[in-house]
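As stored in structure23.pdb (PDB, C-alpha atoms):
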```pdb
MODEL        1
ATOM      1  CA  SER A   1      22.608  54.031 -14.529
ATOM      2  CA  ARG A   2      21.392  55.070 -18.000
ATOM      3  CA  GLN A   3      17.962  53.599 -17.238
ATOM      4  CA  LEU A   4      17.818  55.480 -13.941
ATOM      5  CA  ILE A   5      18.721  58.752 -15.668
ATOM      6  CA  GLU A   6      16.050  58.131 -18.326
ATOM      7  CA  MET A   7      13.449  57.351 -15.643
ATOM      8  CA  ILE A   8      14.261  60.556 -13.744
ATOM      9  CA  SER A   9      14.145  62.507 -16.997
ATOM     10  CA  CYS A  10      10.707  61.037 -17.804
ATOM     11  CA  LEU A  11       9.419  61.930 -14.358
ATOM     12  CA  LEU A  12      10.684  65.502 -14.663
ATOM     13  CA  ASP A  13       9.234  65.830 -18.171
ATOM     14  CA  LEU A  14       5.879  64.508 -16.977
ATOM     15  CA  ALA A  15       5.864  67.060 -14.162
ATOM     16  CA  LYS A  16       6.674  69.854 -16.647
ATOM     17  CA  VAL A  17       3.877  68.746 -18.978
ATOM     18  CA  GLU A  18       1.349  68.523 -16.157
ATOM     19  CA  VAL A  19       2.041  72.080 -14.937
ATOM     20  CA  GLY A  20       2.133  73.496 -18.478
ATOM     21  CA  MET A  21       5.830  74.335 -18.486
ATOM     22  CA  MET A  22       6.965  71.954 -21.220
ATOM     23  CA  GLU A  23       8.344  73.807 -24.218
ATOM     24  CA  TYR A  24       8.133  71.904 -27.475
ATOM     25  CA  ARG A  25      10.701  72.630 -30.189
ATOM     26  CA  MET A  26       8.742  71.805 -33.293
ATOM     27  CA  SER A  27      10.534  70.997 -36.522
ATOM     28  CA  SER A  28      10.135  68.757 -39.534
ATOM     29  CA  ILE A  29      11.378  65.298 -38.546
ATOM     30  CA  ASP A  30      11.636  62.002 -40.403
ATOM     31  CA  LEU A  31      10.281  59.363 -38.021
ATOM     32  CA  MET A  32      12.382  56.617 -39.599
ATOM     33  CA  GLY A  33      15.454  58.217 -38.023
ATOM     34  CA  ASN A  34      13.751  58.177 -34.616
ATOM     35  CA  ILE A  35      12.734  54.558 -35.094
ATOM     36  CA  GLN A  36      16.268  53.515 -35.998
ATOM     37  CA  ARG A  37      17.621  55.304 -32.896
ATOM     38  CA  SER A  38      15.030  53.556 -30.691
ATOM     39  CA  ILE A  39      15.918  50.172 -32.147
ATOM     40  CA  GLN A  40      19.608  50.853 -31.578
ATOM     41  CA  LYS A  41      18.923  51.662 -27.902
ATOM     42  CA  VAL A  42      17.135  48.343 -27.271
ATOM     43  CA  ARG A  43      19.171  46.199 -29.669
ATOM     44  CA  LEU A  44      21.144  44.413 -26.952
ATOM     45  CA  LEU A  45      18.010  43.518 -24.989
ATOM     46  CA  ALA A  46      16.331  42.229 -28.144
ATOM     47  CA  GLU A  47      19.379  40.166 -29.092
ATOM     48  CA  ARG A  48      19.720  38.733 -25.581
ATOM     49  CA  GLU A  49      16.087  37.579 -25.649
ATOM     50  CA  HIS A  50      16.267  36.533 -29.338
ATOM     51  CA  ILE A  51      13.433  38.949 -30.172
ATOM     52  CA  SER A  52      13.184  40.212 -33.734
ATOM     53  CA  ILE A  53      12.104  43.770 -34.448
ATOM     54  CA  VAL A  54      10.369  44.191 -37.800
ATOM     55  CA  VAL A  55       9.620  47.659 -39.197
ATOM     56  CA  THR A  56       7.032  48.259 -41.912
ATOM     57  CA  ALA A  57       6.649  51.724 -43.399
ATOM     58  CA  HIS A  58       4.046  52.388 -46.086
ATOM     59  CA  ILE A  59       5.496  55.803 -46.895
ATOM     60  CA  ASP A  60       8.998  57.193 -47.366
ATOM     61  CA  PRO A  61      10.121  59.583 -46.030
ATOM     62  CA  VAL A  62       7.819  59.743 -43.010
ATOM     63  CA  ARG A  63       7.764  63.423 -42.043
ATOM     64  CA  VAL A  64       5.835  65.020 -39.212
ATOM     65  CA  GLN A  65       6.011  68.398 -37.504
ATOM     66  CA  ALA A  66       7.096  67.482 -33.971
ATOM     67  CA  ASP A  67       9.554  67.913 -31.132
ATOM     68  CA  ASP A  68      12.243  65.403 -32.071
ATOM     69  CA  ALA A  69      13.370  64.565 -28.519
ATOM     70  CA  CYS A  70       9.822  64.163 -27.192
ATOM     71  CA  ILE A  71       8.679  61.879 -30.008
ATOM     72  CA  GLN A  72      11.922  59.924 -29.540
ATOM     73  CA  GLN A  73      10.943  59.424 -25.887
ATOM     74  CA  VAL A  74       7.508  58.110 -26.906
ATOM     75  CA  LEU A  75       8.999  55.631 -29.394
ATOM     76  CA  ASP A  76      11.681  54.530 -26.908
ATOM     77  CA  ASN A  77       9.028  53.853 -24.283
ATOM     78  CA  LEU A  78       6.671  51.906 -26.546
ATOM     79  CA  LEU A  79       9.459  49.803 -28.026
ATOM     80  CA  SER A  80      11.087  49.011 -24.677
ATOM     81  CA  ASN A  81       7.682  48.085 -23.203
ATOM     82  CA  ALA A  82       6.997  45.765 -26.132
ATOM     83  CA  LEU A  83      10.332  44.035 -25.591
ATOM     84  CA  LYS A  84       9.848  43.853 -21.829
ATOM     85  CA  PHE A  85       6.534  42.032 -22.225
ATOM     86  CA  SER A  86       7.564  39.783 -25.128
ATOM     87  CA  GLN A  87       8.612  36.189 -24.772
ATOM     88  CA  GLU A  88      12.000  34.953 -25.824
ATOM     89  CA  GLY A  89      12.164  34.221 -29.549
ATOM     90  CA  SER A  90       9.129  36.346 -30.451
ATOM     91  CA  THR A  91       8.747  39.297 -32.831
ATOM     92  CA  VAL A  92       7.925  42.934 -32.128
ATOM     93  CA  ARG A  93       6.365  44.737 -35.075
ATOM     94  CA  LEU A  94       6.573  48.469 -35.601
ATOM     95  CA  SER A  95       4.500  49.938 -38.423
ATOM     96  CA  LEU A  96       3.843  53.349 -39.910
ATOM     97  CA  GLU A  97       0.683  53.857 -41.950
ATOM     98  CA  PRO A  98      -0.395  57.162 -43.454
ATOM     99  CA  ASP A  99      -4.078  58.001 -43.781
ATOM    100  CA  GLU A 100      -4.457  60.456 -46.654
ATOM    101  CA  ARG A 101      -8.108  61.069 -45.755
ATOM    102  CA  THR A 102      -7.312  62.366 -42.256
ATOM    103  CA  LYS A 103      -3.776  63.581 -43.151
ATOM    104  CA  ALA A 104      -2.436  61.626 -40.187
ATOM    105  CA  LEU A 105       0.200  58.987 -39.591
ATOM    106  CA  ARG A 106      -0.531  55.938 -37.447
ATOM    107  CA  ILE A 107       2.472  54.474 -35.631
ATOM    108  CA  SER A 108       1.945  51.072 -34.007
ATOM    109  CA  VAL A 109       4.155  48.852 -31.872
ATOM    110  CA  ALA A 110       2.829  45.307 -31.489
ATOM    111  CA  ASP A 111       4.072  42.467 -29.329
ATOM    112  CA  THR A 112       2.911  38.902 -28.785
ATOM    113  CA  GLY A 113       3.352  38.978 -25.023
ATOM    114  CA  ARG A 114       0.905  38.188 -22.219
ATOM    115  CA  GLY A 115      -1.418  41.090 -23.023
ATOM    116  CA  ILE A 116      -3.151  43.564 -20.749
ATOM    117  CA  PRO A 117      -6.293  42.576 -18.837
ATOM    118  CA  SER A 118      -9.332  44.417 -20.260
ATOM    119  CA  GLU A 119     -10.126  45.877 -16.837
ATOM    120  CA  SER A 120      -6.663  47.520 -16.797
ATOM    121  CA  LEU A 121      -6.790  49.092 -20.281
ATOM    122  CA  PRO A 122      -8.634  52.272 -19.179
ATOM    123  CA  TYR A 123      -5.903  53.012 -16.623
ATOM    124  CA  ILE A 124      -2.606  52.246 -18.379
ATOM    125  CA  PHE A 125      -2.042  55.875 -19.397
ATOM    126  CA  GLU A 126      -2.419  57.135 -15.816
ATOM    127  CA  ARG A 127       0.824  57.977 -14.061
ATOM    128  CA  PHE A 128       2.263  55.337 -11.733
ATOM    129  CA  TYR A 129      -0.312  52.746 -12.847
ATOM    130  CA  GLN A 130       0.809  49.132 -13.065
ATOM    131  CA  SER A 131      -1.602  46.338 -13.863
ATOM    132  CA  PRO A 132      -2.106  43.692 -11.185
ATOM    133  CA  THR A 133      -0.489  41.164 -13.547
ATOM    134  CA  GLN A 134       2.638  43.319 -13.867
ATOM    135  CA  ALA A 135       2.885  43.833 -10.121
ATOM    136  CA  ARG A 136       2.218  40.142  -9.355
ATOM    137  CA  ASN A 137       4.877  38.981 -11.823
ATOM    138  CA  LYS A 138       7.353  41.586 -10.513
ATOM    139  CA  ILE A 139       7.861  43.075 -13.978
ATOM    140  CA  PRO A 140       9.915  46.249 -13.513
ATOM    141  CA  GLY A 141       8.477  49.617 -14.437
ATOM    142  CA  SER A 142       7.698  52.981 -12.918
ATOM    143  CA  GLY A 143       4.294  53.565 -14.454
ATOM    144  CA  ILE A 144       5.277  56.942 -15.903
ATOM    145  CA  GLY A 145       6.277  56.119 -19.488
ATOM    146  CA  LEU A 146       2.787  55.701 -20.914
ATOM    147  CA  ALA A 147       1.454  58.695 -18.967
ATOM    148  CA  LEU A 148       4.185  60.856 -20.489
ATOM    149  CA  ALA A 149       3.640  59.344 -23.950
ATOM    150  CA  LYS A 150      -0.054  60.263 -23.791
ATOM    151  CA  LYS A 151       0.664  63.868 -22.783
ATOM    152  CA  VAL A 152       3.324  64.281 -25.495
ATOM    153  CA  VAL A 153       1.204  62.758 -28.267
ATOM    154  CA  GLU A 154      -1.809  64.881 -27.315
ATOM    155  CA  ALA A 155       0.366  68.035 -27.217
ATOM    156  CA  HIS A 156       1.309  67.226 -30.827
ATOM    157  CA  GLY A 157      -2.356  67.109 -31.885
ATOM    158  CA  GLY A 158      -2.526  63.315 -31.849
ATOM    159  CA  ARG A 159      -3.988  60.552 -29.757
ATOM    160  CA  ILE A 160      -2.701  57.270 -28.314
ATOM    161  CA  TRP A 161      -4.452  54.023 -27.421
ATOM    162  CA  ALA A 162      -3.886  50.342 -26.716
ATOM    163  CA  GLU A 163      -5.513  47.198 -28.030
ATOM    164  CA  SER A 164      -4.797  43.979 -26.192
ATOM    165  CA  GLU A 165      -5.909  40.418 -25.721
ATOM    166  CA  LEU A 166      -4.699  38.257 -22.866
ATOM    167  CA  GLY A 167      -2.277  35.614 -24.057
ATOM    168  CA  LYS A 168      -2.002  37.167 -27.522
ATOM    169  CA  GLY A 169      -0.239  40.480 -26.994
ATOM    170  CA  THR A 170      -0.692  44.205 -27.143
ATOM    171  CA  THR A 171      -0.614  46.830 -29.860
ATOM    172  CA  MET A 172       0.130  50.378 -28.779
ATOM    173  CA  SER A 173      -0.784  52.942 -31.434
ATOM    174  CA  PHE A 174      -0.656  56.671 -31.789
ATOM    175  CA  VAL A 175      -1.460  59.105 -34.581
ATOM    176  CA  LEU A 176       0.275  62.338 -35.472
ATOM    177  CA  PRO A 177      -0.693  64.837 -38.153
ATOM    178  CA  LEU A 178       1.358  64.348 -41.324
ATOM    179  CA  GLN A 179       3.487  67.268 -42.386
ATOM    180  CA  ARG A 180       1.836  69.151 -45.195
TER
ENDMDL
END
```
In structure tokens, write the structure found in this file.
Amino acid sequence: SRQLIEMISCLLDLAKVEVGMMEYRMSSIDLMGNIQRSIQKVRLLAEREHISIVVTAHIDPVRVQADDACIQQVLDNLLSNALKFSQEGSTVRLSLEPDERTKALRISVADTGRGIPSESLPYIFERFYQSPTQARNKIPGSGIGLALAKKVVEAHGGRIWAESELGKGTTMSFVLPLQR
């Protein structure tokens, strides 16, 4: 029931963003707190599948000016997707890397799952999109999480993208401006 509520919430948030009615409550947040909350939410799934989650942060604290709940939603989505597409006994890596030159923070979530076909990569951030591989293998998903993540990240002055290789996994990354 919690997953259903979260899915409905994502769909409603996506609709609000698309019609320009989403109100962001910007404040100074420490992303490590958001990351720990995301890990706690998926901990049981990770344990059941014997998947390790490794976090690497090259800066402490990691502060950005953002809407806490919206960035939490982005992290929750990327982490749960990484776990969903990872094989039992694998590792999901979450990293935070500041770029002093651009005054931005790169957040990446990497898995070693099946990967995304190159022909699907341009479409994964479109709402309701599921790759043919996902549909064929009956992997659950609504196709709204990445669409919402893209809208939220862009509303925060950032960008999001995916790098993937079939059979080797996927890395989802986004950048946010560092708090000055």
Draw an axis-aligned box tight on the listed atoms of stretch 149-158 of chain A, then pad every side by 3 Å and write out centre and edge lengths in Å to one decimal as AutoDock Vina command-line options.
```
--center_x 0.6 --center_y 63.7 --center_z -27.3 --size_x 12.2 --size_y 14.7 --size_z 15.1
```
Report as a PyMOL selection string the residues that result from applying the PyMOL selection byres ((chain A and resi 34-45) around 9) to the structure here. chain A and resi 29-33+46-51+53+55+68-69+71-73+75-77+79-80+83-84+94
If you count all atoms listed in the file, the residue of A:Met172, A:Cys70, A:Met22, A:Val152 closest to A:Thr112 turns out to be A:Met172
Given the PyMOL selection byres ((chain A and resi 158) around 10), the residues it picks as an NGL selection string: :A and (104-106 or 150-157 or 159-160 or 174-177)
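When atom CA of A:Ile144 is paired with atom CA of A:Glu165, their separation reads 22.2 Å.
Across the model, the gap from atom CA of A:Gly113 to atom CA of A:Leu166 is 8.4 Å.
Atom pair atom CA of A:Asp67 / atom CA of A:Ala147: separated by 17.3 Å.
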The residue from A:Ile124, A:Ala66, A:Ser173, A:Ser118 with the smallest atom-to-atom distance to A:Glu23, counting all atoms listed in the file, is A:Ala66
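Comparing A:Ser164, A:Asn81, A:Ser120, A:Thr56 by their smallest distance to A:Arg93, the closest is A:Thr56 (using only C-alpha atoms).
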Mind checking which residues fall within 10 Å of A:Ile59, counting all atoms listed in the file, ignoring those fewer than 2 positions away in the same chain, and posting them as a ChimeraX atom specification? /A:56-57,61-63,96-98,105
Suppose we keep C-alpha atoms; can you now write the selection as a short mmCIF file (atom, residue, chain, number, x, y, z; two decimals), keeping the file's coordinate frame?
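again.cif, freshly written:
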```
data_model
loop_
_atom_site.label_atom_id
_atom_site.label_comp_id
_atom_site.auth_asym_id
_atom_site.auth_seq_id
_atom_site.Cartn_x
_atom_site.Cartn_y
_atom_site.Cartn_z
CA THR A 56 7.03 48.26 -41.91
CA ALA A 57 6.65 51.72 -43.40
CA PRO A 61 10.12 59.58 -46.03
CA VAL A 62 7.82 59.74 -43.01
CA ARG A 63 7.76 63.42 -42.04
CA LEU A 96 3.84 53.35 -39.91
CA GLU A 97 0.68 53.86 -41.95
CA PRO A 98 -0.40 57.16 -43.45
CA LEU A 105 0.20 58.99 -39.59
#
```
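Each of A:Val74, A:Asp60, A:Thr171, A:Asp111 was compared to A:Leu146 using all atoms listed in the file, and A:Val74 turns out to be the nearest.
Minimum atom-to-atom distances from A:Val109, A:Gly169, A:His58, A:Gln179 to A:Ser86 were compared using all atoms listed in the file, and the lowest value belongs to A:Gly169.
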Ranking A:Leu78, A:Ala110, A:Leu178, A:Val92 by minimum distance to A:Phe125 and counting all atoms listed in the file, which one comes first? A:Leu78
Assuming the input is short of atoms at stretch 162-173 of chain A, produce N, CA, C and O atoms for that part as a short mmCIF file (atom, residue, chain, number, x, y, z; two decimals), keeping the file's coordinate frame.
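Result file follows (selection39.cif):
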```cif
data_model
loop_
_atom_site.label_atom_id
_atom_site.label_comp_id
_atom_site.auth_asym_id
_atom_site.auth_seq_id
_atom_site.Cartn_x
_atom_site.Cartn_y
_atom_site.Cartn_z
N ALA A 162 -4.41 51.72 -26.76
CA ALA A 162 -3.89 50.34 -26.72
C ALA A 162 -5.00 49.37 -27.06
O ALA A 162 -6.16 49.57 -26.70
N GLU A 163 -4.62 48.32 -27.76
CA GLU A 163 -5.51 47.20 -28.03
C GLU A 163 -4.79 45.97 -27.52
O GLU A 163 -3.60 45.80 -27.79
N SER A 164 -5.48 45.12 -26.78
CA SER A 164 -4.80 43.98 -26.19
C SER A 164 -5.76 42.83 -25.97
O SER A 164 -6.96 43.02 -25.76
N GLU A 165 -5.18 41.64 -26.02
CA GLU A 165 -5.91 40.42 -25.72
C GLU A 165 -5.00 39.54 -24.88
O GLU A 165 -3.85 39.29 -25.26
N LEU A 166 -5.51 39.09 -23.75
CA LEU A 166 -4.70 38.26 -22.87
C LEU A 166 -4.18 37.03 -23.61
O LEU A 166 -4.92 36.38 -24.33
N GLY A 167 -2.91 36.77 -23.43
CA GLY A 167 -2.28 35.61 -24.06
C GLY A 167 -1.90 35.82 -25.51
O GLY A 167 -1.27 34.95 -26.11
N LYS A 168 -2.29 36.94 -26.10
CA LYS A 168 -2.00 37.17 -27.52
C LYS A 168 -1.17 38.40 -27.79
O LYS A 168 -0.63 38.56 -28.87
N GLY A 169 -1.09 39.31 -26.81
CA GLY A 169 -0.24 40.48 -26.99
C GLY A 169 -0.98 41.80 -26.97
O GLY A 169 -2.18 41.86 -26.76
N THR A 170 -0.19 42.84 -27.22
CA THR A 170 -0.69 44.20 -27.14
C THR A 170 -0.17 45.00 -28.33
O THR A 170 0.97 44.82 -28.75
N THR A 171 -1.02 45.87 -28.84
CA THR A 171 -0.61 46.83 -29.86
C THR A 171 -0.86 48.22 -29.30
O THR A 171 -1.99 48.56 -28.94
N MET A 172 0.22 48.98 -29.20
CA MET A 172 0.13 50.38 -28.78
C MET A 172 0.21 51.21 -30.05
O MET A 172 1.12 51.02 -30.85
N SER A 173 -0.75 52.12 -30.23
CA SER A 173 -0.78 52.94 -31.43
C SER A 173 -0.96 54.40 -31.07
O SER A 173 -1.59 54.73 -30.07
#
```
